[in-house]
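Just below is one structure, and these are the notes that go with it.
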Amino acid sequence: MGTHVITGAGSGIGAATAARLAGRGEELWLLARNAGRARELAERFPGARTLVGDLAEPERLSWALSHQEPPERVDSLVHAAGVVDLGAVGELTPKVWQATLAVNLVGPAELTRLLLPQLRAARGRVVFVNSGAGLSANADWSAYAASKHGLKALADSLRQEEKDSGLRVTSVYPGRTATPMQEKVHRQEGKEYDPGRWIDPESVATALLTALDLPADAELTDLRVRPSA
């Protein structure tokens, strides 16, 4: 059984992935943005351990983890947390840009940096839950798409830098998935939300687990998951 650190385990793809790993008896460490959220995650996933650190403040993550006891070995780090705010370039403020980039890009980069020794020791895996917006950008999606394009660059660079350490890196690019984030996007777009039209988070979790379970002689680098309808 492996040791897995997961961000965004409170809902959507992160929650589905955490539940699947917990069901297999794996050891979970769930990142929470504050102590209250940590208690909620501990109640939702009995037996899981929590780490408190806010991806929205990546400059404080090192301090936060230094006052806790992260796992000594990390077999996988799954980045499933994310935020989205739509808007035209002419309307988005620096506050929106900075918040989006912090949670979606700078936070994952910093958390990865802090856990690299444990990941190297385990010859582990890093999985970034990206987005179709990380491959192409549409109108009103500039901040989110920029953060996800950056996340792809982070993953690609990390893969090359760590190939000699045995670390494997996967980017997963889901299409629209039936999550609370997708519901928020529909509100921002002024559209009716029908979760039945979109990918079930469980399906994306299956893709993540495929990457995590792949034998050591192979690596899944990029996975695109699209609605079948």
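Identifiers in the structure tokens: chain A, B, ... in order shown; residue index from 1 per chain; ligand index from 1 in order shown.
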
12 Å contact set for A:Ala19, only C-alpha atoms, chain neighbours under 2 positions out, as an mmCIF file with N, CA and C atoms, in the first residue's frame:
```
data_model
loop_
_atom_site.group_PDB
_atom_site.id
_atom_site.type_symbol
_atom_site.label_atom_id
_atom_site.label_comp_id
_atom_site.auth_asym_id
_atom_site.auth_seq_id
_atom_site.Cartn_x
_atom_site.Cartn_y
_atom_site.Cartn_z
ATOM 1 N N HIS A 4 -0.155 8.584 -0.176
ATOM 2 C CA HIS A 4 -0.584 9.527 -1.199
ATOM 3 C C HIS A 4 -0.976 10.861 -0.568
ATOM 4 N N ILE A 6 -2.883 14.333 -1.354
ATOM 5 C CA ILE A 6 -3.889 14.798 -2.315
ATOM 6 C C ILE A 6 -4.349 16.193 -1.931
ATOM 7 N N ALA A 9 -9.236 17.380 -2.011
ATOM 8 C CA ALA A 9 -9.985 16.161 -1.689
ATOM 9 C C ALA A 9 -11.380 16.445 -1.144
ATOM 10 N N GLY A 10 -11.729 17.700 -1.009
ATOM 11 C CA GLY A 10 -13.030 18.031 -0.441
ATOM 12 C C GLY A 10 -14.195 17.871 -1.392
ATOM 13 N N SER A 11 -13.923 17.824 -2.694
ATOM 14 C CA SER A 11 -15.020 17.713 -3.654
ATOM 15 C C SER A 11 -14.483 17.265 -5.006
ATOM 16 N N GLY A 12 -15.392 16.925 -5.884
ATOM 17 C CA GLY A 12 -15.051 16.668 -7.278
ATOM 18 C C GLY A 12 -14.058 15.545 -7.491
ATOM 19 N N ILE A 13 -13.120 15.787 -8.401
ATOM 20 C CA ILE A 13 -12.146 14.772 -8.799
ATOM 21 C C ILE A 13 -11.255 14.369 -7.625
ATOM 22 N N GLY A 14 -10.838 15.329 -6.819
ATOM 23 C CA GLY A 14 -9.997 15.021 -5.676
ATOM 24 C C GLY A 14 -10.696 14.113 -4.686
ATOM 25 N N ALA A 15 -11.966 14.380 -4.416
ATOM 26 C CA ALA A 15 -12.728 13.555 -3.482
ATOM 27 C C ALA A 15 -12.919 12.149 -4.030
ATOM 28 N N ALA A 16 -13.222 12.055 -5.322
ATOM 29 C CA ALA A 16 -13.412 10.734 -5.933
ATOM 30 C C ALA A 16 -12.127 9.923 -5.882
ATOM 31 N N THR A 17 -10.999 10.568 -6.143
ATOM 32 C CA THR A 17 -9.711 9.879 -6.108
ATOM 33 C C THR A 17 -9.365 9.441 -4.693
ATOM 34 N N LEU A 21 -8.797 5.508 -3.370
ATOM 35 C CA LEU A 21 -7.557 5.079 -2.725
ATOM 36 C C LEU A 21 -7.819 4.597 -1.300
ATOM 37 N N ALA A 22 -8.692 5.302 -0.593
ATOM 38 C CA ALA A 22 -9.039 4.878 0.769
ATOM 39 C C ALA A 22 -9.696 3.505 0.754
ATOM 40 N N GLY A 23 -10.537 3.266 -0.241
ATOM 41 C CA GLY A 23 -11.206 1.977 -0.357
ATOM 42 C C GLY A 23 -10.245 0.824 -0.584
ATOM 43 N N ARG A 24 -9.079 1.126 -1.107
ATOM 44 C CA ARG A 24 -8.061 0.101 -1.333
ATOM 45 C C ARG A 24 -7.139 -0.061 -0.118
ATOM 46 N N GLY A 25 -7.371 0.742 0.907
ATOM 47 C CA GLY A 25 -6.543 0.644 2.100
ATOM 48 C C GLY A 25 -5.245 1.416 2.023
ATOM 49 N N GLU A 26 -5.152 2.360 1.078
ATOM 50 C CA GLU A 26 -3.937 3.156 0.942
ATOM 51 C C GLU A 26 -3.874 4.211 2.054
ATOM 52 N N GLU A 27 -2.685 4.711 2.316
ATOM 53 C CA GLU A 27 -2.501 5.751 3.330
ATOM 54 C C GLU A 27 -2.676 7.117 2.684
ATOM 55 N N LEU A 28 -3.602 7.910 3.216
ATOM 56 C CA LEU A 28 -3.919 9.219 2.639
ATOM 57 C C LEU A 28 -3.446 10.346 3.547
ATOM 58 N N LEU A 30 -4.195 14.391 3.314
ATOM 59 C CA LEU A 30 -5.030 15.336 2.579
ATOM 60 C C LEU A 30 -4.690 16.761 2.982
ATOM 61 N N LEU A 41 -12.329 17.009 6.448
ATOM 62 C CA LEU A 41 -11.733 15.938 5.651
ATOM 63 C C LEU A 41 -11.479 14.695 6.491
ATOM 64 N N ARG A 44 -14.692 12.927 6.889
ATOM 65 C CA ARG A 44 -15.170 12.330 5.636
ATOM 66 C C ARG A 44 -14.367 11.096 5.254
ATOM 67 N N PHE A 45 -13.064 11.122 5.569
ATOM 68 C CA PHE A 45 -12.186 10.010 5.203
ATOM 69 C C PHE A 45 -11.542 9.446 6.475
ATOM 70 N N PRO A 46 -12.259 8.589 7.206
ATOM 71 C CA PRO A 46 -11.721 8.030 8.451
ATOM 72 C C PRO A 46 -10.385 7.323 8.194
ATOM 73 N N GLY A 47 -9.436 7.607 9.043
ATOM 74 C CA GLY A 47 -8.122 7.002 8.897
ATOM 75 C C GLY A 47 -7.140 7.857 8.129
ATOM 76 N N ALA A 48 -7.649 8.819 7.372
ATOM 77 C CA ALA A 48 -6.758 9.707 6.634
ATOM 78 C C ALA A 48 -6.107 10.712 7.579
ATOM 79 N N PRO A 201 -16.958 12.561 -12.069
ATOM 80 C CA PRO A 201 -15.624 12.612 -11.448
ATOM 81 C C PRO A 201 -15.002 11.234 -11.251
ATOM 82 N N GLU A 202 -15.825 10.216 -11.063
ATOM 83 C CA GLU A 202 -15.308 8.865 -10.902
ATOM 84 C C GLU A 202 -14.547 8.397 -12.139
ATOM 85 N N ALA A 205 -11.199 9.951 -11.973
ATOM 86 C CA ALA A 205 -10.439 9.252 -10.943
ATOM 87 C C ALA A 205 -9.882 7.940 -11.478
ATOM 88 N N THR A 206 -10.641 7.265 -12.317
ATOM 89 C CA THR A 206 -10.153 6.024 -12.928
ATOM 90 C C THR A 206 -8.915 6.291 -13.768
ATOM 91 N N LEU A 209 -5.987 6.842 -11.387
ATOM 92 C CA LEU A 209 -5.519 5.596 -10.798
ATOM 93 C C LEU A 209 -4.755 4.751 -11.811
#
```

TODO: Can you pull out every residue within 8 Å of stretch 145-155 of chain A, counting only C-alpha atoms, but drop anything in the same chain fewer than 3 positions away, and send it as number ranges by chain?
DONE: A: 100-101, 104-105, 109, 128, 130-131, 133-137, 141-142, 158-159, 169-171

May I have the residues from that selection written out with C-alpha atoms, as a CSV table (one decimal), in the first residue's frame?
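Just written: again_1.csv:
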```csv
chain,number,residue,atom,x,y,z
A,100,THR,CA,-5.9,32.1,-9.8
A,101,LEU,CA,-2.2,31.7,-10.5
A,104,ASN,CA,-3.6,26.6,-9.8
A,105,LEU,CA,0.1,27.0,-10.5
A,109,ALA,CA,4.9,24.2,-7.8
A,128,PHE,CA,-1.5,17.2,-12.1
A,130,ASN,CA,-5.0,20.0,-15.6
A,131,SER,CA,-7.9,20.9,-17.9
A,133,ALA,CA,-8.2,24.8,-21.0
A,134,GLY,CA,-4.5,23.9,-20.4
A,135,LEU,CA,-4.3,23.0,-24.1
A,136,SER,CA,-6.4,25.7,-25.7
A,137,ALA,CA,-7.9,29.0,-24.4
A,141,TRP,CA,-11.1,31.9,-19.8
A,142,SER,CA,-7.8,33.8,-20.0
A,158,LEU,CA,9.5,18.5,-13.7
A,159,ARG,CA,9.4,15.2,-15.8
A,169,VAL,CA,4.9,12.8,-13.9
A,170,THR,CA,1.4,12.8,-15.4
A,171,SER,CA,-0.9,15.5,-16.6
```

Open item on the list: To test your reading of the structure, identify every residue in stretch 2-217 of chain A that backbone DSSP assigns to alpha helix (DSSP H), and report it as a PyMOL selection string.
Closed with: chain A and resi 12-23+35-44+61-66+94-101+107-122+142-161+180-189+201-213

Open item on the list: What parts of stretch 103-228 of chain A does DSSP call strand (DSSP E or B)? I'd like the answer as a list in words.
Closed with: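 Everything in stretch 103-228 of chain A that counts as strand (DSSP E or B) is Arg125, Val126, Val127, Phe128, Val129, Trp141, Arg168, Val169, Thr170, Ser171, Val172, Tyr173, Pro174, Thr177, Ile199, Asp222, Leu223, Arg224 and Val225 of chain A.
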
Deliver the residues from the most recent selection as a file, using N, CA and C atoms, as a PDB file, in the first residue's frame.
```pdb
ATOM      1  N   ARG A 125       5.227   9.285  -7.934  1.00  0.00           N
ATOM      2  CA  ARG A 125       4.508   9.852  -9.078  1.00  0.00           C
ATOM      3  C   ARG A 125       3.900  11.183  -8.662  1.00  0.00           C
ATOM      4  N   VAL A 126       3.885  12.117  -9.594  1.00  0.00           N
ATOM      5  CA  VAL A 126       3.168  13.376  -9.407  1.00  0.00           C
ATOM      6  C   VAL A 126       2.117  13.450 -10.497  1.00  0.00           C
ATOM      7  N   VAL A 127       0.879  13.657 -10.098  1.00  0.00           N
ATOM      8  CA  VAL A 127      -0.220  13.769 -11.055  1.00  0.00           C
ATOM      9  C   VAL A 127      -0.837  15.153 -10.934  1.00  0.00           C
ATOM     10  N   PHE A 128      -0.844  15.866 -12.043  1.00  0.00           N
ATOM     11  CA  PHE A 128      -1.462  17.189 -12.098  1.00  0.00           C
ATOM     12  C   PHE A 128      -2.810  17.076 -12.800  1.00  0.00           C
ATOM     13  N   VAL A 129      -3.884  17.426 -12.103  1.00  0.00           N
ATOM     14  CA  VAL A 129      -5.193  17.503 -12.756  1.00  0.00           C
ATOM     15  C   VAL A 129      -5.243  18.835 -13.472  1.00  0.00           C
ATOM     16  N   TRP A 141     -11.779  32.930 -20.651  1.00  0.00           N
ATOM     17  CA  TRP A 141     -11.101  31.930 -19.841  1.00  0.00           C
ATOM     18  C   TRP A 141      -9.625  32.251 -19.653  1.00  0.00           C
ATOM     19  N   ARG A 168       7.970   9.884 -11.786  1.00  0.00           N
ATOM     20  CA  ARG A 168       7.156   9.943 -12.992  1.00  0.00           C
ATOM     21  C   ARG A 168       6.069  10.996 -12.838  1.00  0.00           C
ATOM     22  N   VAL A 169       5.786  11.684 -13.925  1.00  0.00           N
ATOM     23  CA  VAL A 169       4.892  12.845 -13.885  1.00  0.00           C
ATOM     24  C   VAL A 169       3.813  12.701 -14.957  1.00  0.00           C
ATOM     25  N   THR A 170       2.565  12.880 -14.535  1.00  0.00           N
ATOM     26  CA  THR A 170       1.423  12.762 -15.442  1.00  0.00           C
ATOM     27  C   THR A 170       0.560  14.009 -15.371  1.00  0.00           C
ATOM     28  N   SER A 171       0.154  14.495 -16.533  1.00  0.00           N
ATOM     29  CA  SER A 171      -0.871  15.546 -16.614  1.00  0.00           C
ATOM     30  C   SER A 171      -2.148  14.918 -17.141  1.00  0.00           C
ATOM     31  N   VAL A 172      -3.253  15.172 -16.447  1.00  0.00           N
ATOM     32  CA  VAL A 172      -4.566  14.693 -16.881  1.00  0.00           C
ATOM     33  C   VAL A 172      -5.390  15.908 -17.296  1.00  0.00           C
ATOM     34  N   TYR A 173      -5.965  15.836 -18.496  1.00  0.00           N
ATOM     35  CA  TYR A 173      -6.704  16.967 -19.056  1.00  0.00           C
ATOM     36  C   TYR A 173      -8.183  16.581 -19.207  1.00  0.00           C
ATOM     37  N   PRO A 174      -8.969  16.732 -18.133  1.00  0.00           N
ATOM     38  CA  PRO A 174     -10.394  16.411 -18.261  1.00  0.00           C
ATOM     39  C   PRO A 174     -11.139  17.494 -19.035  1.00  0.00           C
ATOM     40  N   THR A 177     -16.401  18.403 -16.334  1.00  0.00           N
ATOM     41  CA  THR A 177     -16.681  17.332 -15.381  1.00  0.00           C
ATOM     42  C   THR A 177     -17.714  17.825 -14.374  1.00  0.00           C
ATOM     43  N   ILE A 199     -18.723  14.684 -17.647  1.00  0.00           N
ATOM     44  CA  ILE A 199     -18.005  13.511 -17.157  1.00  0.00           C
ATOM     45  C   ILE A 199     -18.244  13.344 -15.656  1.00  0.00           C
ATOM     46  N   ASP A 222       0.622  12.200 -20.569  1.00  0.00           N
ATOM     47  CA  ASP A 222      -0.508  13.095 -20.819  1.00  0.00           C
ATOM     48  C   ASP A 222      -1.751  12.274 -21.109  1.00  0.00           C
ATOM     49  N   LEU A 223      -2.826  12.536 -20.361  1.00  0.00           N
ATOM     50  CA  LEU A 223      -4.078  11.823 -20.538  1.00  0.00           C
ATOM     51  C   LEU A 223      -5.204  12.827 -20.796  1.00  0.00           C
ATOM     52  N   ARG A 224      -5.883  12.699 -21.912  1.00  0.00           N
ATOM     53  CA  ARG A 224      -7.055  13.534 -22.197  1.00  0.00           C
ATOM     54  C   ARG A 224      -8.312  12.725 -21.940  1.00  0.00           C
ATOM     55  N   VAL A 225      -9.222  13.302 -21.184  1.00  0.00           N
ATOM     56  CA  VAL A 225     -10.486  12.645 -20.857  1.00  0.00           C
ATOM     57  C   VAL A 225     -11.601  13.565 -21.325  1.00  0.00           C
TER      58      VAL A 225
END
```

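If you count only C-alpha atoms and ignore residues fewer than 3 places along the chain from A:Pro215, what sits within 12 Å of it is A:Arg123, A:Gly124, A:Arg125, A:Arg168, A:Leu209, A:Thr210, A:Ala211, A:Leu212, A:Ala218, A:Glu219, A:Leu220.
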
Please write the residues from the selection above to a file, keeping C-alpha atoms, as a PDB file, in the first residue's frame.
```
ATOM      1  CA  ARG A 123      10.518   6.888  -6.840  1.00  0.00           C
ATOM      2  CA  GLY A 124       6.996   8.203  -6.772  1.00  0.00           C
ATOM      3  CA  ARG A 125       4.508   9.852  -9.078  1.00  0.00           C
ATOM      4  CA  ARG A 168       7.156   9.943 -12.992  1.00  0.00           C
ATOM      5  CA  LEU A 209      -5.519   5.596 -10.798  1.00  0.00           C
ATOM      6  CA  THR A 210      -4.401   4.121 -14.108  1.00  0.00           C
ATOM      7  CA  ALA A 211      -1.436   6.487 -14.071  1.00  0.00           C
ATOM      8  CA  LEU A 212      -0.677   5.711 -10.428  1.00  0.00           C
ATOM      9  CA  ALA A 218       6.310   2.728 -18.226  1.00  0.00           C
ATOM     10  CA  GLU A 219       4.968   6.249 -17.743  1.00  0.00           C
ATOM     11  CA  LEU A 220       1.742   7.945 -18.759  1.00  0.00           C
TER      12      LEU A 220
END
```

Write out as a PDB file with all heavy atoms, in the first residue's frame which residues come within 9 Å of A:Ala32 when counting only C-alpha atoms, dropping same-chain ones fewer than 4 positions away.
```pdb
ATOM      1  N   THR A   7      -4.397  17.085  -2.903  1.00  0.00           N
ATOM      2  CA  THR A   7      -5.019  18.386  -2.705  1.00  0.00           C
ATOM      3  C   THR A   7      -6.406  18.360  -3.349  1.00  0.00           C
ATOM      4  O   THR A   7      -6.660  17.577  -4.263  1.00  0.00           O
ATOM      5  CB  THR A   7      -4.195  19.523  -3.318  1.00  0.00           C
ATOM      6  OG1 THR A   7      -4.324  19.502  -4.755  1.00  0.00           O
ATOM      7  CG2 THR A   7      -2.723  19.403  -2.946  1.00  0.00           C
ATOM      8  N   GLY A   8      -7.302  19.198  -2.859  1.00  0.00           N
ATOM      9  CA  GLY A   8      -8.638  19.257  -3.448  1.00  0.00           C
ATOM     10  C   GLY A   8      -9.499  18.048  -3.142  1.00  0.00           C
ATOM     11  O   GLY A   8     -10.412  17.730  -3.909  1.00  0.00           O
ATOM     12  N   ALA A   9      -9.236  17.380  -2.011  1.00  0.00           N
ATOM     13  CA  ALA A   9      -9.985  16.161  -1.689  1.00  0.00           C
ATOM     14  C   ALA A   9     -11.380  16.445  -1.144  1.00  0.00           C
ATOM     15  O   ALA A   9     -12.139  15.509  -0.880  1.00  0.00           O
ATOM     16  CB  ALA A   9      -9.209  15.322  -0.676  1.00  0.00           C
ATOM     17  N   GLY A  10     -11.729  17.700  -1.009  1.00  0.00           N
ATOM     18  CA  GLY A  10     -13.030  18.031  -0.441  1.00  0.00           C
ATOM     19  C   GLY A  10     -14.195  17.871  -1.392  1.00  0.00           C
ATOM     20  O   GLY A  10     -15.347  17.783  -0.957  1.00  0.00           O
ATOM     21  N   GLY A  36     -10.300  24.027  10.188  1.00  0.00           N
ATOM     22  CA  GLY A  36     -11.686  23.614  10.068  1.00  0.00           C
ATOM     23  C   GLY A  36     -11.890  22.661   8.908  1.00  0.00           C
ATOM     24  O   GLY A  36     -12.594  21.651   9.031  1.00  0.00           O
ATOM     25  N   ARG A  37     -11.269  22.990   7.793  1.00  0.00           N
ATOM     26  CA  ARG A  37     -11.366  22.115   6.622  1.00  0.00           C
ATOM     27  C   ARG A  37     -10.690  20.773   6.888  1.00  0.00           C
ATOM     28  O   ARG A  37     -11.160  19.724   6.444  1.00  0.00           O
ATOM     29  CB  ARG A  37     -10.713  22.797   5.417  1.00  0.00           C
ATOM     30  CG  ARG A  37     -10.916  22.084   4.093  1.00  0.00           C
ATOM     31  CD  ARG A  37     -12.362  22.042   3.708  1.00  0.00           C
ATOM     32  NE  ARG A  37     -12.513  21.793   2.274  1.00  0.00           N
ATOM     33  CZ  ARG A  37     -13.672  21.539   1.685  1.00  0.00           C
ATOM     34  NH1 ARG A  37     -14.775  21.522   2.413  1.00  0.00           N
ATOM     35  NH2 ARG A  37     -13.734  21.333   0.393  1.00  0.00           N
ATOM     36  N   ALA A  38      -9.596  20.800   7.632  1.00  0.00           N
ATOM     37  CA  ALA A  38      -8.901  19.558   7.981  1.00  0.00           C
ATOM     38  C   ALA A  38      -9.818  18.641   8.788  1.00  0.00           C
ATOM     39  O   ALA A  38      -9.839  17.414   8.567  1.00  0.00           O
ATOM     40  CB  ALA A  38      -7.632  19.865   8.755  1.00  0.00           C
ATOM     41  N   ARG A  39     -10.572  19.205   9.722  1.00  0.00           N
ATOM     42  CA  ARG A  39     -11.493  18.391  10.521  1.00  0.00           C
ATOM     43  C   ARG A  39     -12.578  17.776   9.630  1.00  0.00           C
ATOM     44  O   ARG A  39     -12.953  16.618   9.805  1.00  0.00           O
ATOM     45  CB  ARG A  39     -12.123  19.245  11.631  1.00  0.00           C
ATOM     46  CG  ARG A  39     -11.161  19.582  12.772  1.00  0.00           C
ATOM     47  CD  ARG A  39     -11.895  20.181  13.952  1.00  0.00           C
ATOM     48  NE  ARG A  39     -12.460  21.485  13.636  1.00  0.00           N
ATOM     49  CZ  ARG A  39     -11.809  22.633  13.775  1.00  0.00           C
ATOM     50  NH1 ARG A  39     -10.563  22.636  14.239  1.00  0.00           N
ATOM     51  NH2 ARG A  39     -12.384  23.784  13.487  1.00  0.00           N
ATOM     52  N   LEU A  41     -12.329  17.009   6.448  1.00  0.00           N
ATOM     53  CA  LEU A  41     -11.733  15.938   5.651  1.00  0.00           C
ATOM     54  C   LEU A  41     -11.479  14.695   6.491  1.00  0.00           C
ATOM     55  O   LEU A  41     -11.684  13.565   6.028  1.00  0.00           O
ATOM     56  CB  LEU A  41     -10.430  16.424   5.015  1.00  0.00           C
ATOM     57  CG  LEU A  41     -10.567  17.466   3.912  1.00  0.00           C
ATOM     58  CD1 LEU A  41      -9.192  17.984   3.501  1.00  0.00           C
ATOM     59  CD2 LEU A  41     -11.293  16.881   2.705  1.00  0.00           C
ATOM     60  N   THR A  50      -4.162  14.611   7.823  1.00  0.00           N
ATOM     61  CA  THR A  50      -4.283  15.896   7.144  1.00  0.00           C
ATOM     62  C   THR A  50      -3.039  16.745   7.332  1.00  0.00           C
ATOM     63  O   THR A  50      -2.313  16.603   8.318  1.00  0.00           O
ATOM     64  CB  THR A  50      -5.507  16.675   7.659  1.00  0.00           C
ATOM     65  OG1 THR A  50      -5.386  16.877   9.073  1.00  0.00           O
ATOM     66  CG2 THR A  50      -6.800  15.929   7.352  1.00  0.00           C
ATOM     67  N   LEU A  51      -2.819  17.596   6.359  1.00  0.00           N
ATOM     68  CA  LEU A  51      -1.808  18.645   6.433  1.00  0.00           C
ATOM     69  C   LEU A  51      -2.514  19.964   6.188  1.00  0.00           C
ATOM     70  O   LEU A  51      -3.348  20.066   5.280  1.00  0.00           O
ATOM     71  CB  LEU A  51      -0.728  18.438   5.361  1.00  0.00           C
ATOM     72  CG  LEU A  51       0.174  17.215   5.507  1.00  0.00           C
ATOM     73  CD1 LEU A  51       0.979  17.006   4.225  1.00  0.00           C
ATOM     74  CD2 LEU A  51       1.103  17.378   6.707  1.00  0.00           C
ATOM     75  N   VAL A  52      -2.217  20.961   6.972  1.00  0.00           N
ATOM     76  CA  VAL A  52      -2.853  22.266   6.810  1.00  0.00           C
ATOM     77  C   VAL A  52      -1.888  23.203   6.098  1.00  0.00           C
ATOM     78  O   VAL A  52      -0.759  23.435   6.543  1.00  0.00           O
ATOM     79  CB  VAL A  52      -3.258  22.872   8.170  1.00  0.00           C
ATOM     80  CG1 VAL A  52      -3.841  24.269   7.984  1.00  0.00           C
ATOM     81  CG2 VAL A  52      -4.270  21.955   8.868  1.00  0.00           C
ATOM     82  N   GLY A  53      -2.339  23.721   4.964  1.00  0.00           N
ATOM     83  CA  GLY A  53      -1.551  24.663   4.179  1.00  0.00           C
ATOM     84  C   GLY A  53      -2.423  25.226   3.079  1.00  0.00           C
ATOM     85  O   GLY A  53      -3.139  24.478   2.402  1.00  0.00           O
ATOM     86  N   ASP A  54      -2.387  26.523   2.898  1.00  0.00           N
ATOM     87  CA  ASP A  54      -3.274  27.184   1.954  1.00  0.00           C
ATOM     88  C   ASP A  54      -2.555  27.429   0.635  1.00  0.00           C
ATOM     89  O   ASP A  54      -1.594  28.208   0.572  1.00  0.00           O
ATOM     90  CB  ASP A  54      -3.763  28.512   2.550  1.00  0.00           C
ATOM     91  CG  ASP A  54      -4.918  29.109   1.770  1.00  0.00           C
ATOM     92  OD1 ASP A  54      -5.220  28.613   0.666  1.00  0.00           O
ATOM     93  OD2 ASP A  54      -5.519  30.081   2.270  1.00  0.00           O
ATOM     94  N   LEU A  55      -3.013  26.775  -0.428  1.00  0.00           N
ATOM     95  CA  LEU A  55      -2.409  26.977  -1.749  1.00  0.00           C
ATOM     96  C   LEU A  55      -2.559  28.413  -2.230  1.00  0.00           C
ATOM     97  O   LEU A  55      -1.797  28.861  -3.086  1.00  0.00           O
ATOM     98  CB  LEU A  55      -3.041  26.024  -2.767  1.00  0.00           C
ATOM     99  CG  LEU A  55      -2.767  24.533  -2.559  1.00  0.00           C
ATOM    100  CD1 LEU A  55      -3.574  23.709  -3.550  1.00  0.00           C
ATOM    101  CD2 LEU A  55      -1.287  24.226  -2.694  1.00  0.00           C
TER     102      LEU A  55
END
```

Task: Close residues, A:Arg120 itself excluded, 8 Å, only C-alpha atoms, min 6 positions apart in chain, as a VMD selection string - done: chain A and resid 165 to 167
